[in-house]
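Participant: To be precise about what I am sending: the file is called entry.cif and holds mmCIF, C-alpha atoms.
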```cif
data_final
loop_
_atom_site.label_atom_id
_atom_site.label_comp_id
_atom_site.auth_asym_id
_atom_site.auth_seq_id
_atom_site.Cartn_x
_atom_site.Cartn_y
_atom_site.Cartn_z
CA MET O 1 2.18 35.09 25.01
CA PRO O 2 4.85 35.25 22.27
CA ALA O 3 6.03 31.99 20.81
CA LEU O 4 9.16 30.48 22.29
CA PRO O 5 12.22 30.15 20.06
CA SER O 6 12.77 26.73 18.52
CA LEU O 7 15.45 24.53 20.03
CA ARG O 8 16.39 23.39 16.56
CA SER O 9 17.32 26.89 15.42
CA THR O 10 20.75 26.89 13.84
CA ALA O 11 21.33 30.59 14.17
CA ALA O 12 24.05 31.08 16.76
CA ARG O 13 23.48 33.89 19.17
CA ALA O 14 26.25 35.69 20.97
CA ARG O 15 26.55 34.56 24.56
CA ARG O 16 26.71 37.29 27.19
CA PRO O 17 28.44 35.87 30.27
CA ARG O 18 27.51 37.54 33.52
CA ALA O 19 29.97 38.31 36.25
CA LEU O 20 29.09 37.70 39.87
CA ASP O 21 27.36 40.49 41.76
CA ASN O 22 28.99 42.48 44.54
CA GLY O 23 32.51 41.78 43.31
CA VAL O 24 32.43 38.17 44.51
CA HIS O 25 35.38 36.21 43.11
CA VAL O 26 34.47 33.52 40.56
CA PRO O 27 35.70 30.19 41.98
CA HIS O 28 38.05 28.01 39.95
CA VAL O 29 37.75 24.50 41.33
CA PRO O 30 38.84 21.17 39.90
CA LEU O 31 36.03 18.88 38.75
CA SER O 32 35.95 15.25 39.81
CA ALA O 33 36.65 12.58 37.21
CA PHE O 34 32.99 11.52 37.09
CA VAL O 35 31.72 15.13 36.83
CA VAL O 36 31.56 16.01 33.14
CA ASP O 37 30.43 19.61 33.67
CA CYS O 38 28.95 21.87 36.34
CA ALA O 39 27.49 25.21 35.37
CA VAL O 40 25.36 28.00 36.81
CA TYR O 41 22.77 29.64 34.55
CA VAL O 42 21.17 32.99 35.38
CA ASP O 43 18.71 34.58 32.95
CA GLY O 44 19.72 31.94 30.42
CA HIS O 45 23.42 32.85 30.50
CA ARG O 46 26.20 30.72 31.88
CA LEU O 47 28.23 32.34 34.63
CA GLU O 48 31.96 32.44 34.14
CA GLY O 49 34.36 30.14 35.91
CA ARG O 50 34.45 26.52 36.95
CA TRP O 51 32.15 25.48 39.75
CA ASN O 52 31.72 22.56 42.06
CA HIS O 53 28.20 21.51 42.94
CA ARG O 54 28.24 23.01 46.46
CA ASP O 55 29.40 26.46 45.39
CA ALA O 56 27.10 26.41 42.36
CA ILE O 57 23.87 25.70 44.24
CA ALA O 58 24.91 28.12 46.99
CA GLU O 59 25.35 30.89 44.40
CA VAL O 60 21.96 30.19 42.82
CA ARG O 61 20.18 30.23 46.15
CA ARG O 62 22.01 33.37 47.21
CA ARG O 63 20.78 35.10 44.06
CA GLU O 64 17.32 33.47 44.35
CA GLU O 65 17.31 33.03 40.57
CA GLY O 66 18.79 30.74 37.96
CA PHE O 67 19.65 27.06 38.25
CA VAL O 68 22.58 24.63 38.30
CA TRP O 69 23.22 21.90 35.74
CA VAL O 70 25.59 19.14 36.84
CA GLY O 71 26.51 16.38 34.38
CA LEU O 72 27.81 13.05 35.75
CA HIS O 73 29.17 10.03 33.93
CA GLU O 74 28.81 6.58 35.52
CA PRO O 75 29.28 7.58 39.18
CA ASP O 76 29.29 4.93 41.87
CA ALA O 77 27.25 5.11 45.08
CA GLU O 78 30.02 6.76 47.09
CA GLN O 79 30.68 9.42 44.45
CA ILE O 80 27.07 10.47 44.09
CA ASP O 81 26.24 10.53 47.81
CA ASP O 82 27.59 14.04 48.37
CA ILE O 83 25.73 15.41 45.34
CA ALA O 84 22.53 13.68 46.48
CA GLU O 85 22.88 15.27 49.91
CA VAL O 86 23.52 18.78 48.55
CA PHE O 87 20.60 18.72 46.10
CA GLY O 88 18.26 16.65 48.28
CA LEU O 89 17.84 13.82 45.79
CA HIS O 90 15.49 11.01 46.76
CA PRO O 91 17.39 7.86 47.87
CA LEU O 92 15.34 5.52 45.66
CA ALA O 93 16.01 7.64 42.58
CA VAL O 94 19.72 7.85 43.47
CA GLU O 95 19.86 4.06 43.74
CA ASP O 96 18.29 3.71 40.31
CA ALA O 97 20.76 6.22 38.86
CA VAL O 98 23.77 4.33 40.20
CA GLN O 99 22.65 0.81 39.36
CA ALA O 100 21.40 1.67 35.84
CA HIS O 101 19.62 -0.98 33.73
CA GLN O 102 16.33 0.71 34.54
CA ARG O 103 13.12 0.74 32.57
CA PRO O 104 12.43 4.13 30.91
CA LYS O 105 10.18 6.13 33.19
CA ILE O 106 9.34 9.57 34.60
CA GLU O 107 8.57 9.74 38.31
CA ARG O 108 7.77 12.55 40.70
CA TYR O 109 9.34 12.71 44.16
CA ASP O 110 7.92 15.61 46.19
CA ASP O 111 9.38 18.71 44.49
CA MET O 112 11.63 16.79 42.10
CA VAL O 113 11.12 14.91 38.83
CA PHE O 114 13.28 11.87 38.08
CA SER O 115 13.50 10.64 34.48
CA VAL O 116 15.13 7.55 32.99
CA PHE O 117 15.83 7.48 29.26
CA LYS O 118 17.33 4.71 27.16
CA THR O 119 19.80 6.11 24.65
CA VAL O 120 20.46 4.27 21.38
CA ARG O 121 23.10 4.42 18.68
CA TYR O 122 23.19 2.80 15.26
CA VAL O 123 26.27 0.63 14.82
CA ALA O 124 27.70 0.95 11.31
CA HIS O 125 28.23 -2.35 9.47
CA ALA O 126 28.93 -3.63 5.98
CA SER O 127 25.69 -5.59 5.63
CA PRO O 128 22.75 -6.36 7.92
CA THR O 129 22.95 -10.00 6.81
CA THR O 130 26.39 -10.40 8.42
CA ALA O 131 26.34 -7.89 11.31
CA ASN O 132 26.56 -9.05 14.91
CA GLU O 133 25.28 -5.79 16.45
CA ILE O 134 23.10 -3.10 14.94
CA VAL O 135 21.71 -1.07 17.86
CA GLU O 136 23.82 -0.12 20.89
CA SER O 137 22.01 1.17 23.96
CA GLY O 138 22.91 3.23 27.03
CA GLU O 139 21.06 5.08 29.78
CA LEU O 140 20.58 8.65 30.88
CA MET O 141 18.96 9.69 34.17
CA CYS O 142 17.81 13.22 34.86
CA PHE O 143 16.98 14.80 38.23
CA VAL O 144 15.06 18.07 37.86
CA GLY O 145 14.29 20.41 40.75
CA LYS O 146 13.21 24.03 40.92
CA ASP O 147 16.83 25.28 40.80
CA PHE O 148 18.93 22.36 39.56
CA VAL O 149 19.34 19.68 36.92
CA VAL O 150 21.54 16.64 37.57
CA THR O 151 22.13 14.28 34.66
CA VAL O 152 23.71 10.84 35.05
CA ARG O 153 24.92 9.05 31.94
CA HIS O 154 25.78 5.39 31.42
CA GLY O 155 27.45 4.48 28.15
CA GLN O 156 29.85 6.20 25.80
CA HIS O 157 27.45 7.47 23.13
CA SER O 158 24.97 9.44 25.26
CA GLY O 159 26.92 12.70 25.62
CA LEU O 160 25.01 15.94 26.12
CA ARG O 161 27.68 18.42 25.08
CA ARG O 162 25.83 19.32 21.89
CA VAL O 163 22.57 19.75 23.82
CA ARG O 164 24.23 22.03 26.38
CA ARG O 165 25.85 24.12 23.65
CA MET O 166 22.55 24.43 21.77
CA LEU O 167 20.74 25.61 24.89
CA GLU O 168 23.46 28.10 25.72
CA ASP O 169 22.97 29.54 22.24
CA GLU O 170 19.28 30.10 23.11
CA PRO O 171 19.54 32.13 26.37
CA GLU O 172 15.99 33.49 26.18
CA HIS O 173 14.75 29.91 26.06
CA LEU O 174 17.14 28.60 28.70
CA ALA O 175 15.94 31.38 31.01
CA LEU O 176 12.63 29.49 31.40
CA GLY O 177 14.32 27.14 33.84
CA PRO O 178 15.30 23.50 34.39
CA ALA O 179 12.24 22.15 32.56
CA VAL O 180 13.76 23.44 29.31
CA VAL O 181 16.84 21.30 29.93
CA LEU O 182 14.65 18.24 30.50
CA HIS O 183 12.81 18.97 27.26
CA ALA O 184 16.06 19.43 25.33
CA ILE O 185 17.38 16.10 26.64
CA ALA O 186 14.14 14.28 25.78
CA ASP O 187 14.10 15.91 22.34
CA HIS O 188 17.72 14.94 21.72
CA ILE O 189 17.09 11.32 22.69
CA VAL O 190 13.88 11.00 20.66
CA ASP O 191 15.63 12.52 17.63
CA ALA O 192 18.23 9.77 18.02
CA TYR O 193 15.37 7.24 18.04
CA LEU O 194 14.15 8.66 14.73
CA GLU O 195 17.62 8.44 13.18
CA VAL O 196 18.22 4.90 14.39
CA SER O 197 14.77 3.71 13.30
CA ALA O 198 15.35 5.15 9.82
CA ALA O 199 18.69 3.32 9.57
CA VAL O 200 17.15 0.07 10.84
CA GLU O 201 14.35 0.44 8.29
CA GLY O 202 16.98 0.50 5.54
CA ASP O 203 18.54 -2.68 6.94
CA ILE O 204 15.17 -4.41 7.06
CA ASP O 205 14.51 -3.44 3.44
CA THR O 206 17.87 -5.02 2.53
CA ILE O 207 17.00 -8.22 4.39
CA GLU O 208 13.55 -8.31 2.79
CA ALA O 209 15.06 -8.04 -0.69
CA GLU O 210 17.55 -10.78 0.19
CA VAL O 211 14.83 -13.10 1.49
CA PHE O 212 12.87 -12.99 -1.76
CA ALA O 213 15.88 -13.00 -4.06
CA PRO O 214 16.22 -16.14 -6.25
CA TYR O 215 18.56 -18.78 -4.82
CA SER O 216 18.97 -16.79 -1.60
CA GLU O 217 20.77 -18.61 1.21
CA LEU O 218 19.76 -16.17 3.96
CA GLY O 219 18.69 -18.10 7.04
CA ALA O 220 16.29 -17.30 9.84
CA ASP O 221 19.15 -16.76 12.32
CA GLN O 222 20.13 -13.37 10.84
CA ILE O 223 16.51 -12.23 10.85
CA TYR O 224 16.25 -13.26 14.48
CA LEU O 225 19.32 -11.11 15.17
CA MET O 226 17.62 -8.12 13.54
CA LYS O 227 14.46 -8.90 15.50
CA ARG O 228 16.51 -8.87 18.70
CA GLU O 229 17.99 -5.48 17.81
CA VAL O 230 14.52 -4.11 17.06
CA LEU O 231 13.42 -5.42 20.45
CA GLU O 232 16.29 -3.46 22.03
CA LEU O 233 14.99 -0.33 20.32
CA ARG O 234 11.43 -1.13 21.34
CA ARG O 235 12.44 -1.45 25.00
CA ALA O 236 13.84 2.07 24.82
CA VAL O 237 10.85 3.64 23.08
CA GLN O 238 7.65 1.92 24.16
CA PRO O 239 7.76 2.42 27.97
CA LEU O 240 8.47 6.15 27.55
CA VAL O 241 5.32 7.01 25.57
CA ALA O 242 2.83 7.24 28.46
CA PRO O 243 5.13 9.04 30.98
CA LEU O 244 6.19 11.65 28.43
CA ARG O 245 2.58 12.31 27.54
CA ARG O 246 1.73 12.84 31.21
CA LEU O 247 4.56 15.34 31.43
CA SER O 248 3.09 17.30 28.53
CA GLU O 249 -0.30 17.30 30.28
CA GLY O 250 0.86 18.92 33.51
CA TYR O 251 2.18 15.94 35.46
CA SER O 252 4.52 18.20 37.45
CA PRO O 253 4.40 21.90 38.37
CA LEU O 254 8.12 22.02 37.55
CA VAL O 255 7.11 22.08 33.87
CA PRO O 256 5.58 25.51 33.12
CA THR O 257 2.59 25.78 30.84
CA ASN O 258 4.58 27.53 28.13
CA VAL O 259 7.04 24.59 28.01
CA ARG O 260 4.43 21.83 27.79
CA SER O 261 3.81 22.44 24.09
CA TYR O 262 7.44 21.51 23.46
CA PHE O 263 6.92 18.22 25.27
CA ARG O 264 3.85 17.57 23.11
CA ASP O 265 6.06 17.91 20.04
CA VAL O 266 8.50 15.37 21.48
CA ASP O 267 5.59 13.09 22.33
CA ASP O 268 4.39 13.20 18.71
CA HIS O 269 7.83 12.16 17.50
CA LEU O 270 8.02 9.40 20.09
CA VAL O 271 4.64 7.99 19.03
CA THR O 272 5.86 8.00 15.43
CA VAL O 273 8.95 6.00 16.39
CA SER O 274 6.87 3.63 18.53
CA GLU O 275 4.52 2.85 15.66
CA ARG O 276 7.43 2.42 13.28
CA VAL O 277 9.21 0.00 15.60
CA ALA O 278 6.00 -2.03 16.04
CA GLN O 279 5.76 -2.30 12.25
CA PHE O 280 9.40 -3.45 12.13
CA ASP O 281 8.61 -6.25 14.54
CA GLU O 282 5.59 -7.39 12.53
CA LEU O 283 7.53 -7.27 9.26
CA LEU O 284 10.42 -9.27 10.68
CA THR O 285 8.00 -11.88 11.98
CA THR O 286 6.57 -12.12 8.48
CA LEU O 287 10.06 -12.46 7.01
CA VAL O 288 10.90 -15.26 9.45
CA ASP O 289 7.72 -17.06 8.35
CA ALA O 290 8.69 -16.50 4.72
CA VAL O 291 12.18 -17.93 5.24
CA LEU O 292 10.77 -20.97 7.05
CA ALA O 293 8.24 -21.43 4.24
CA LYS O 294 11.05 -21.26 1.67
CA ILE O 295 13.03 -23.83 3.63
CA THR O 296 9.99 -26.12 3.82
CA LEU O 297 9.35 -25.68 0.08
CA ARG O 298 13.00 -26.40 -0.70
CA GLN O 299 12.86 -29.54 1.43
CA ASN O 300 9.67 -30.66 -0.32
CA ASN O 301 11.34 -30.16 -3.69
CA ASP O 302 14.35 -32.16 -2.55
CA MET O 303 12.12 -34.96 -1.26
CA ARG O 304 10.23 -35.09 -4.56
CA LYS O 305 13.51 -35.35 -6.48
CA ILE O 306 14.76 -38.07 -4.18
CA THR O 307 11.47 -39.93 -4.55
CA ALA O 308 11.58 -39.61 -8.34
CA TYR O 309 15.14 -40.93 -8.59
CA ALA O 310 14.25 -43.74 -6.19
CA ALA O 311 11.35 -44.70 -8.49
CA LEU O 312 13.70 -44.70 -11.51
CA LEU O 313 16.17 -46.94 -9.69
CA ALA O 314 13.38 -49.23 -8.50
CA VAL O 315 12.68 -50.50 -12.07
CA PRO O 316 16.10 -52.06 -12.83
CA THR O 317 16.30 -53.18 -9.20
CA MET O 318 13.01 -55.04 -9.60
CA PHE O 319 14.15 -56.85 -12.77
CA ALA O 320 17.51 -57.66 -11.23
CA GLY O 321 15.77 -59.04 -8.17
CA ILE O 322 13.41 -61.22 -10.20
CA TYR O 323 16.06 -62.70 -12.48
CA GLY O 324 18.44 -63.09 -9.61
CA MET O 325 16.24 -65.80 -8.08
CA ASN O 326 17.59 -69.35 -8.46
CA PHE O 327 14.72 -71.06 -10.29
CA ASP O 328 15.26 -73.58 -13.10
CA TYR O 329 12.19 -72.58 -15.06
CA MET O 330 11.78 -68.83 -15.62
CA PRO O 331 10.33 -66.99 -18.68
CA GLU O 332 12.89 -66.25 -21.37
CA LEU O 333 15.72 -67.49 -19.17
CA HIS O 334 17.39 -69.48 -21.93
CA TRP O 335 16.16 -67.38 -24.86
CA THR O 336 18.85 -65.72 -27.00
CA PHE O 337 17.12 -62.35 -27.04
CA GLY O 338 15.98 -62.47 -23.40
CA TYR O 339 18.67 -60.18 -21.99
CA PRO O 340 18.33 -57.46 -24.71
CA LEU O 341 14.55 -57.57 -24.24
CA VAL O 342 14.82 -57.02 -20.50
CA ILE O 343 17.21 -54.09 -21.01
CA VAL O 344 14.84 -52.48 -23.52
CA VAL O 345 11.88 -52.93 -21.18
CA ILE O 346 13.85 -51.34 -18.32
CA LEU O 347 14.86 -48.37 -20.49
CA VAL O 348 11.32 -47.86 -21.77
CA ILE O 349 9.80 -47.90 -18.29
CA CYS O 350 12.52 -45.62 -16.88
CA GLY O 351 12.14 -43.22 -19.81
CA TRP O 352 8.40 -43.08 -19.30
CA LEU O 353 8.84 -42.40 -15.55
CA PHE O 354 11.47 -39.72 -16.21
CA ARG O 355 9.21 -37.96 -18.70
CA THR O 356 6.27 -38.10 -16.29
CA PHE O 357 8.33 -36.68 -13.43
CA ARG O 358 9.68 -33.87 -15.60
CA ARG O 359 6.20 -32.98 -16.80
CA ASN O 360 5.01 -32.78 -13.19
CA ARG O 361 8.18 -30.78 -12.26
CA TRP O 362 9.48 -33.37 -9.86
CA LEU O 363 12.79 -33.35 -11.70
#
```
Rewrite the coordinates I just gave you, this time as structure tokens.
Facilitator:
Amino acid sequence: MPALPSLRSTAARARRPRALDNGVHVPHVPLSAFVVDCAVYVDGHRLEGRWNHRDAIAEVRRREEGFVWVGLHEPDAEQIDDIAEVFGLHPLAVEDAVQAHQRPKIERYDDMVFSVFKTVRYVAHASPTTANEIVESGELMCFVGKDFVVTVRHGQHSGLRRVRRMLEDEPEHLALGPAVVLHAIADHIVDAYLEVSAAVEGDIDTIEAEVFAPYSELGADQIYLMKREVLELRRAVQPLVAPLRRLSEGYSPLVPTNVRSYFRDVDDHLVTVSERVAQFDELLTTLVDAVLAKITLRQNNDMRKITAYAALLAVPTMFAGIYGMNFDYMPELHWTFGYPLVIVVILVICGWLFRTFRRNRWL
């Protein structure tokens, strides 16, 4: 079997739109506010005109070829009910798609595959040591049947316009069916994981350099913030590893054999990101320990200095306390050189203590 064209190919191919058969008029219908796009694809080419979901799936089933791709953005339960009825979406999967905040997963419902992906975006900032947010997350759900794809997005950064355009520029690949769309979406999301993890790695390198810089004032709170952002990335990546691997191993008949190799490529990239994120977490834990150790060391140094100065002050305090007692008979009390002698003794003892502390690096 000849190799399939790469989805990452940058060579733009001319699109050849197909008109409807039998002189049927192409419908021009307004799309709802939550419907981003609705298209019919036959032999990898997008049919002309604007479609609603009912007319689109009816046209595909009349032709007995092609599939429909409907893109939704943050629909509520009432808005998605009609689409769920037309495409026969499972109620439990529809509930997950509306409520969002789901764990990444890939599930099979009869003749449909339901996927949940966490999307991530790197938030630009001046410095990781002062940023309040580094990784922003969203969600993307994907219903895949034998003749339809329904995508539901939550968040503003998870758009699929570039993915749709790329697929439309590869009609021979898109002609393989809805599984190709699922692969392209998974590939797009995992590529975003790679980009975000590379950016986060640069931030962690900056924090690491700051931690071990002389006289650094970086506290553990900023490292905990970075650790929290890495945890956000880990929640998106880690749960997806096993389900995506099952999909590449024939989890569903909706994924043809000649498409599975593409999912294996995505799985390799996902495992790479997963391992990288795990290393981030370990490194940040080490950096937190290093910061706490530096704080403890600094406190020990401060306590040694305080102790040394207290010892220096204890000498004149001791002499002042002794000669401050009201006794009539004390050594050298009425001697002319008694006071100068005491001052000299105090200075000698304090000088000796100061030199000892400096030699032992207490001061």
Participant: With 8 Å as the threshold, what does the neighbourhood of (17.9, -45.6, -14.6) contain in terms of residues, counting only C-alpha atoms? Coordinates are those of the file; answer as a CSV table (one decimal) with C-alpha atoms, in the coordinates of the input.
Facilitator:
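In the end it all went to result_1.csv:
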```csv
chain,number,residue,atom,x,y,z
O,312,LEU,CA,13.7,-44.7,-11.5
O,313,LEU,CA,16.2,-46.9,-9.7
O,315,VAL,CA,12.7,-50.5,-12.1
O,316,PRO,CA,16.1,-52.1,-12.8
O,346,ILE,CA,13.8,-51.3,-18.3
O,347,LEU,CA,14.9,-48.4,-20.5
O,350,CYS,CA,12.5,-45.6,-16.9
```
Participant: Sort by chain and increasing residue number a table of all residues of region 149-262 of chain O within 10 Å of region 120-124 of chain O, each with its closest pair of atoms and their distance in Å to one decimal, counting all atoms listed in the file, and write it as JSON lines.
Facilitator:
```
{"residue": "O:Gly155", "atom": "CA", "partner": "O:Val120", "partner_atom": "CA", "distance": 9.7}
{"residue": "O:Gln156", "atom": "CA", "partner": "O:Arg121", "partner_atom": "CA", "distance": 10.0}
{"residue": "O:His157", "atom": "CA", "partner": "O:Arg121", "partner_atom": "CA", "distance": 6.9}
{"residue": "O:Ser158", "atom": "CA", "partner": "O:Val120", "partner_atom": "CA", "distance": 7.9}
{"residue": "O:Ile189", "atom": "CA", "partner": "O:Val120", "partner_atom": "CA", "distance": 7.9}
{"residue": "O:Val190", "atom": "CA", "partner": "O:Val120", "partner_atom": "CA", "distance": 9.4}
{"residue": "O:Ala192", "atom": "CA", "partner": "O:Val120", "partner_atom": "CA", "distance": 6.8}
{"residue": "O:Tyr193", "atom": "CA", "partner": "O:Val120", "partner_atom": "CA", "distance": 6.8}
{"residue": "O:Glu195", "atom": "CA", "partner": "O:Tyr122", "partner_atom": "CA", "distance": 8.2}
{"residue": "O:Val196", "atom": "CA", "partner": "O:Tyr122", "partner_atom": "CA", "distance": 5.5}
{"residue": "O:Ser197", "atom": "CA", "partner": "O:Tyr122", "partner_atom": "CA", "distance": 8.7}
{"residue": "O:Ala198", "atom": "CA", "partner": "O:Tyr122", "partner_atom": "CA", "distance": 9.8}
{"residue": "O:Ala199", "atom": "CA", "partner": "O:Tyr122", "partner_atom": "CA", "distance": 7.3}
{"residue": "O:Val200", "atom": "CA", "partner": "O:Tyr122", "partner_atom": "CA", "distance": 8.0}
{"residue": "O:Glu232", "atom": "CA", "partner": "O:Val120", "partner_atom": "CA", "distance": 8.8}
{"residue": "O:Leu233", "atom": "CA", "partner": "O:Val120", "partner_atom": "CA", "distance": 7.2}
{"residue": "O:Ala236", "atom": "CA", "partner": "O:Val120", "partner_atom": "CA", "distance": 7.8}
{"residue": "O:Val237", "atom": "CA", "partner": "O:Val120", "partner_atom": "CA", "distance": 9.8}
```
Participant: List every protein, DNA or RNA residue with an atom no more than 12 Å from (12.9, -21.6, 5.7) in the file's coordinates, counting all atoms listed in the file, and format the result as a PyMOL selection string.
Facilitator: chain O and resi 211-212+216-221+223+286-300
Participant: Let me know the residues the PyMOL selection byres ((chain O and resi 89) around 12) catches in the file above, as a ChimeraX atom specification.
Facilitator: /O:80-88,90-97,108-114,142-145,148-151
Participant: Considering all atoms listed in the file, state which residue in the set O:Val180, O:Leu225, O:Leu240, O:Ala213 is at the smallest distance from Glu133 (chain O).
Facilitator: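 Going through O:Val180, O:Leu225, O:Leu240, O:Ala213 one by one, the smallest distance to Glu133 (chain O) is for O:Leu225.
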